[in-house]
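Here the structure is laid out as structure tokens; the discussion comes afterwards.
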Amino acid sequence: MNNQELLRYSRQIMLPNIGVEGQKTLLNSTLLLIGIGGLGSPSAMYLAASGIGHLIIADFDQVEISNLQRQIIHNSDDIGRYKVDSAKTKIAAINPNIKVTTIKNLTQNNLSNWIKKADVVLDGTDNFESRFAINRVCVSQKTPLVSAAVIRFEGQLSVFQGYEAGQPCYQCLYSAQGEVDENCTENGILAPVAGIVGSLQATQAIKVLLNLGEQLLGKLLLIDILDLTFRSIKISKDKYCKICTNGA
């Protein structure tokens, strides 16, 4: 690291659990963020500020006025722009020293290739079809997955490494059949809830990279802002899971 980098990241470097070597690890890391909406916005901004060397951001959508209430990486002048282009501009303003790659056409056909490039994947999508597809590739590629969701006044967060013995994958938590999608468009969301959970998602990704503290492996963190409660429940590996259980 040069002197400017040492100064920029000095408040992290002074943490005994990070130090210079930990900061170098962050600078040499590649993270894939899928979805630059309510969750991806704060995640991307904090990961950029923290010094993640390469952020790959994926989203096919364009900024709409209804996004601005919670998707804080975008502003009024961005309406009509692709979200990844808007986000790249803001990330460059926060930290011009990191690399940002944008994807507007993430599909089933190229998902595996992009996940292969990442050290950790952050899932900020809002539908089960996408979440199941991302989980399936993360298991096959042996890539840690930090998954989050928000709705109304509630949020949830977990880290999945279903390729490890005894560790569940996302599909162990939710069956591929019979799940009903709920999203902010139909149910609403309090704006800061996305910020809280997105920030926690970024924090968990950094903790996975640096192997710090509690990483929510095999646990689902449930957040209720109305009651201001944070509780975690255990997630067990489904012995019949067709994604992460050998011989299923």
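We name chains A, B, ... following the order of the structure tokens; residues begin at 1 in each chain, and ligands are numbered from 1 as shown.
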
Exercise for the section: Find the residues near Ser66 in chain A: any atom within 12 Å, counting only C-alpha atoms, skip ones fewer than 4 places away on the same chain, and give them as a PyMOL selection string. Expected result: chain A and resi 37-38+62+70-72+74-76+79-80+184-185+188-189+191

Practice task
Just the helix (DSSP H, G or I) stuff from range 25-164 of chain A, please, per backbone DSSP, written as an MDAnalysis selection string.
Solution key: chainID A and resid 25:27 40:50 65:67 76:78 83:94 111:116 128:141

Lys207 in chain A environment, 12 Å, only C-alpha atoms, sequence neighbours closer than 2 positions dropped, as an mmCIF file with N, CA and C atoms, in the first residue's frame:
```cif
data_model
loop_
_atom_site.group_PDB
_atom_site.id
_atom_site.type_symbol
_atom_site.label_atom_id
_atom_site.label_comp_id
_atom_site.auth_asym_id
_atom_site.auth_seq_id
_atom_site.Cartn_x
_atom_site.Cartn_y
_atom_site.Cartn_z
ATOM 1 N N ASN A 17 -7.647 -6.740 14.725
ATOM 2 C CA ASN A 17 -8.105 -7.891 13.950
ATOM 3 C C ASN A 17 -7.967 -7.693 12.434
ATOM 4 N N ILE A 18 -7.593 -6.496 12.030
ATOM 5 C CA ILE A 18 -7.444 -6.216 10.595
ATOM 6 C C ILE A 18 -5.983 -5.892 10.279
ATOM 7 N N GLY A 22 -4.686 -7.450 6.888
ATOM 8 C CA GLY A 22 -6.115 -7.562 6.621
ATOM 9 C C GLY A 22 -6.573 -6.588 5.553
ATOM 10 N N GLN A 23 -6.051 -5.362 5.614
ATOM 11 C CA GLN A 23 -6.410 -4.375 4.596
ATOM 12 C C GLN A 23 -5.910 -4.800 3.224
ATOM 13 N N THR A 25 -5.673 -7.823 2.236
ATOM 14 C CA THR A 25 -6.605 -8.864 1.807
ATOM 15 C C THR A 25 -7.840 -8.243 1.166
ATOM 16 N N LEU A 26 -8.368 -7.196 1.784
ATOM 17 C CA LEU A 26 -9.542 -6.518 1.218
ATOM 18 C C LEU A 26 -9.213 -5.921 -0.146
ATOM 19 N N LEU A 47 -18.628 -1.104 1.049
ATOM 20 C CA LEU A 47 -17.543 -1.970 0.575
ATOM 21 C C LEU A 47 -16.510 -1.159 -0.194
ATOM 22 N N SER A 50 -14.528 0.774 2.290
ATOM 23 C CA SER A 50 -13.671 -0.117 3.077
ATOM 24 C C SER A 50 -12.441 -0.582 2.312
ATOM 25 N N VAL A 120 -16.501 -13.646 -2.676
ATOM 26 C CA VAL A 120 -17.765 -13.712 -1.945
ATOM 27 C C VAL A 120 -18.846 -13.121 -2.832
ATOM 28 N N PRO A 144 -18.598 -18.521 -0.932
ATOM 29 C CA PRO A 144 -19.479 -18.058 0.148
ATOM 30 C C PRO A 144 -20.554 -17.105 -0.372
ATOM 31 N N VAL A 146 -23.509 -14.392 0.887
ATOM 32 C CA VAL A 146 -24.123 -13.569 1.929
ATOM 33 C C VAL A 146 -25.472 -13.109 1.386
ATOM 34 N N VAL A 159 -25.241 -16.194 6.155
ATOM 35 C CA VAL A 159 -24.093 -16.558 5.337
ATOM 36 C C VAL A 159 -24.195 -18.045 5.042
ATOM 37 N N LEU A 200 -25.267 -4.347 7.237
ATOM 38 C CA LEU A 200 -24.898 -5.601 7.889
ATOM 39 C C LEU A 200 -24.425 -6.630 6.865
ATOM 40 N N GLN A 201 -25.037 -6.625 5.697
ATOM 41 C CA GLN A 201 -24.626 -7.550 4.646
ATOM 42 C C GLN A 201 -23.185 -7.272 4.218
ATOM 43 N N ALA A 202 -22.844 -6.002 4.047
ATOM 44 C CA ALA A 202 -21.465 -5.641 3.707
ATOM 45 C C ALA A 202 -20.511 -6.043 4.815
ATOM 46 N N THR A 203 -20.922 -5.839 6.070
ATOM 47 C CA THR A 203 -20.092 -6.202 7.210
ATOM 48 C C THR A 203 -19.820 -7.699 7.232
ATOM 49 N N GLN A 204 -20.864 -8.487 6.987
ATOM 50 C CA GLN A 204 -20.685 -9.939 6.984
ATOM 51 C C GLN A 204 -19.749 -10.382 5.864
ATOM 52 N N ALA A 205 -19.823 -9.729 4.712
ATOM 53 C CA ALA A 205 -18.930 -10.087 3.605
ATOM 54 C C ALA A 205 -17.471 -9.831 3.987
ATOM 55 N N LEU A 209 -14.317 -12.561 4.422
ATOM 56 C CA LEU A 209 -13.011 -12.396 3.781
ATOM 57 C C LEU A 209 -11.867 -12.484 4.778
ATOM 58 N N LEU A 210 -12.088 -11.891 5.967
ATOM 59 C CA LEU A 210 -11.019 -11.808 6.965
ATOM 60 C C LEU A 210 -11.157 -12.841 8.072
ATOM 61 N N ASN A 211 -12.209 -13.681 7.965
ATOM 62 C CA ASN A 211 -12.465 -14.705 8.984
ATOM 63 C C ASN A 211 -12.565 -14.087 10.376
ATOM 64 N N LEU A 212 -13.434 -13.083 10.484
ATOM 65 C CA LEU A 212 -13.617 -12.353 11.733
ATOM 66 C C LEU A 212 -14.901 -12.771 12.435
ATOM 67 N N GLY A 213 -14.827 -13.071 13.705
ATOM 68 C CA GLY A 213 -15.981 -13.183 14.585
ATOM 69 C C GLY A 213 -17.105 -14.073 14.091
ATOM 70 N N GLU A 214 -18.329 -13.718 14.464
ATOM 71 C CA GLU A 214 -19.540 -14.460 14.110
ATOM 72 C C GLU A 214 -19.920 -14.162 12.665
ATOM 73 N N GLN A 215 -19.990 -15.192 11.842
ATOM 74 C CA GLN A 215 -20.272 -15.006 10.418
ATOM 75 C C GLN A 215 -21.664 -15.483 10.014
ATOM 76 N N LEU A 216 -22.504 -15.804 10.985
ATOM 77 C CA LEU A 216 -23.880 -16.234 10.716
ATOM 78 C C LEU A 216 -23.947 -17.499 9.875
ATOM 79 N N LEU A 217 -22.926 -18.325 9.956
ATOM 80 C CA LEU A 217 -22.974 -19.615 9.276
ATOM 81 C C LEU A 217 -23.942 -20.529 10.017
#
```

Problem - Separation of CA of Leu220 in chain A from CA of Ser158 in chain A, in Å and rounded to one decimal - result: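 Atom-to-atom, CA of Leu220 in chain A and CA of Ser158 in chain A are spaced 5.0 Å apart.
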
Exercise for the section: Looking only at strand (DSSP E or B) from DSSP on the backbone, list the matching residues of range 14-170 of chain A as a ChimeraX atom specification. Expected result: /A:30-34,54-58,62,82,99-103,120-123,145-152,154-160

Take the residues just selected and output them with N, CA and C atoms as a short mmCIF file (atom, residue, chain, number, x, y, z; two decimals), in the first residue's frame.
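The result, stored in result_6.cif:
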```cif
data_model
loop_
_atom_site.label_atom_id
_atom_site.label_comp_id
_atom_site.auth_asym_id
_atom_site.auth_seq_id
_atom_site.Cartn_x
_atom_site.Cartn_y
_atom_site.Cartn_z
N THR A 30 -12.24 -9.69 -4.59
CA THR A 30 -13.27 -9.40 -5.58
C THR A 30 -14.61 -9.84 -5.04
N LEU A 31 -15.57 -8.93 -5.01
CA LEU A 31 -16.91 -9.25 -4.53
C LEU A 31 -17.92 -9.02 -5.65
N LEU A 32 -18.87 -9.94 -5.77
CA LEU A 32 -19.96 -9.81 -6.73
C LEU A 32 -21.23 -9.43 -5.99
N LEU A 33 -21.79 -8.26 -6.32
CA LEU A 33 -23.04 -7.79 -5.74
C LEU A 33 -24.12 -7.93 -6.80
N ILE A 34 -25.11 -8.74 -6.50
CA ILE A 34 -26.20 -8.97 -7.45
C ILE A 34 -27.42 -8.21 -6.95
N HIS A 54 -12.00 -4.91 -5.92
CA HIS A 54 -12.76 -5.07 -7.15
C HIS A 54 -14.21 -5.39 -6.81
N LEU A 55 -15.10 -4.51 -7.20
CA LEU A 55 -16.53 -4.74 -7.04
C LEU A 55 -17.14 -5.02 -8.40
N ILE A 56 -17.80 -6.17 -8.50
CA ILE A 56 -18.58 -6.49 -9.70
C ILE A 56 -20.04 -6.28 -9.33
N ILE A 57 -20.72 -5.36 -10.00
CA ILE A 57 -22.11 -5.04 -9.65
C ILE A 57 -23.02 -5.41 -10.81
N ALA A 58 -24.09 -6.12 -10.49
CA ALA A 58 -24.98 -6.64 -11.53
C ALA A 58 -26.41 -6.20 -11.27
N GLN A 62 -33.33 -0.01 -14.57
CA GLN A 62 -33.05 1.42 -14.63
C GLN A 62 -33.65 2.12 -13.42
N TYR A 82 -29.22 3.33 -16.19
CA TYR A 82 -29.07 1.99 -15.65
C TYR A 82 -28.50 2.09 -14.24
N LYS A 99 -11.49 -0.98 -8.49
CA LYS A 99 -12.00 -1.36 -9.80
C LYS A 99 -13.48 -1.71 -9.69
N VAL A 100 -14.28 -1.24 -10.64
CA VAL A 100 -15.71 -1.54 -10.67
C VAL A 100 -16.06 -2.11 -12.04
N THR A 101 -16.66 -3.28 -12.05
CA THR A 101 -17.13 -3.91 -13.28
C THR A 101 -18.65 -3.97 -13.23
N THR A 102 -19.31 -3.56 -14.31
CA THR A 102 -20.77 -3.55 -14.33
C THR A 102 -21.31 -4.63 -15.25
N ILE A 103 -22.44 -5.21 -14.84
CA ILE A 103 -23.11 -6.25 -15.63
C ILE A 103 -24.59 -5.89 -15.74
N VAL A 120 -16.50 -13.65 -2.68
CA VAL A 120 -17.76 -13.71 -1.95
C VAL A 120 -18.85 -13.12 -2.83
N VAL A 121 -20.06 -13.69 -2.75
CA VAL A 121 -21.21 -13.17 -3.48
C VAL A 121 -22.20 -12.57 -2.49
N LEU A 122 -22.72 -11.39 -2.79
CA LEU A 122 -23.78 -10.76 -2.00
C LEU A 122 -25.05 -10.76 -2.83
N ASP A 123 -26.08 -11.43 -2.32
CA ASP A 123 -27.36 -11.53 -3.02
C ASP A 123 -28.31 -10.48 -2.46
N LEU A 145 -21.75 -17.26 0.17
CA LEU A 145 -22.90 -16.45 -0.23
C LEU A 145 -23.44 -15.71 0.99
N VAL A 146 -23.51 -14.39 0.89
CA VAL A 146 -24.12 -13.57 1.93
C VAL A 146 -25.47 -13.11 1.39
N SER A 147 -26.54 -13.64 1.96
CA SER A 147 -27.88 -13.41 1.45
C SER A 147 -28.69 -12.55 2.42
N ALA A 148 -29.41 -11.58 1.88
CA ALA A 148 -30.22 -10.69 2.72
C ALA A 148 -31.54 -10.40 2.04
N ALA A 149 -32.52 -10.02 2.85
CA ALA A 149 -33.84 -9.65 2.34
C ALA A 149 -34.47 -8.66 3.29
N VAL A 150 -35.29 -7.76 2.75
CA VAL A 150 -36.01 -6.78 3.56
C VAL A 150 -37.43 -6.62 3.04
N ILE A 151 -38.34 -6.30 3.95
CA ILE A 151 -39.72 -6.01 3.58
C ILE A 151 -40.39 -5.33 4.78
N ARG A 152 -41.26 -4.41 4.50
CA ARG A 152 -41.98 -3.67 5.54
C ARG A 152 -41.02 -3.11 6.60
N GLU A 154 -39.00 -5.27 8.44
CA GLU A 154 -38.27 -6.47 8.81
C GLU A 154 -37.13 -6.76 7.84
N GLY A 155 -36.14 -7.46 8.35
CA GLY A 155 -35.03 -7.89 7.52
C GLY A 155 -34.48 -9.22 7.99
N GLN A 156 -33.75 -9.88 7.12
CA GLN A 156 -33.08 -11.12 7.49
C GLN A 156 -31.75 -11.22 6.76
N LEU A 157 -30.84 -11.97 7.37
CA LEU A 157 -29.47 -12.05 6.86
C LEU A 157 -28.85 -13.37 7.26
N SER A 158 -28.08 -13.97 6.35
CA SER A 158 -27.37 -15.19 6.67
C SER A 158 -26.17 -15.34 5.74
N VAL A 159 -25.24 -16.19 6.15
CA VAL A 159 -24.09 -16.56 5.34
C VAL A 159 -24.19 -18.05 5.04
N PHE A 160 -24.11 -18.39 3.77
CA PHE A 160 -24.26 -19.79 3.36
C PHE A 160 -22.98 -20.32 2.73
#
```

Practice task
Return the single residue from A:Gln141, A:Asn187, A:Gln69, A:Ser175 that is closest to Tyr240 in chain A, with distances computed using only C-alpha atoms.
Solution key: A:Ser175
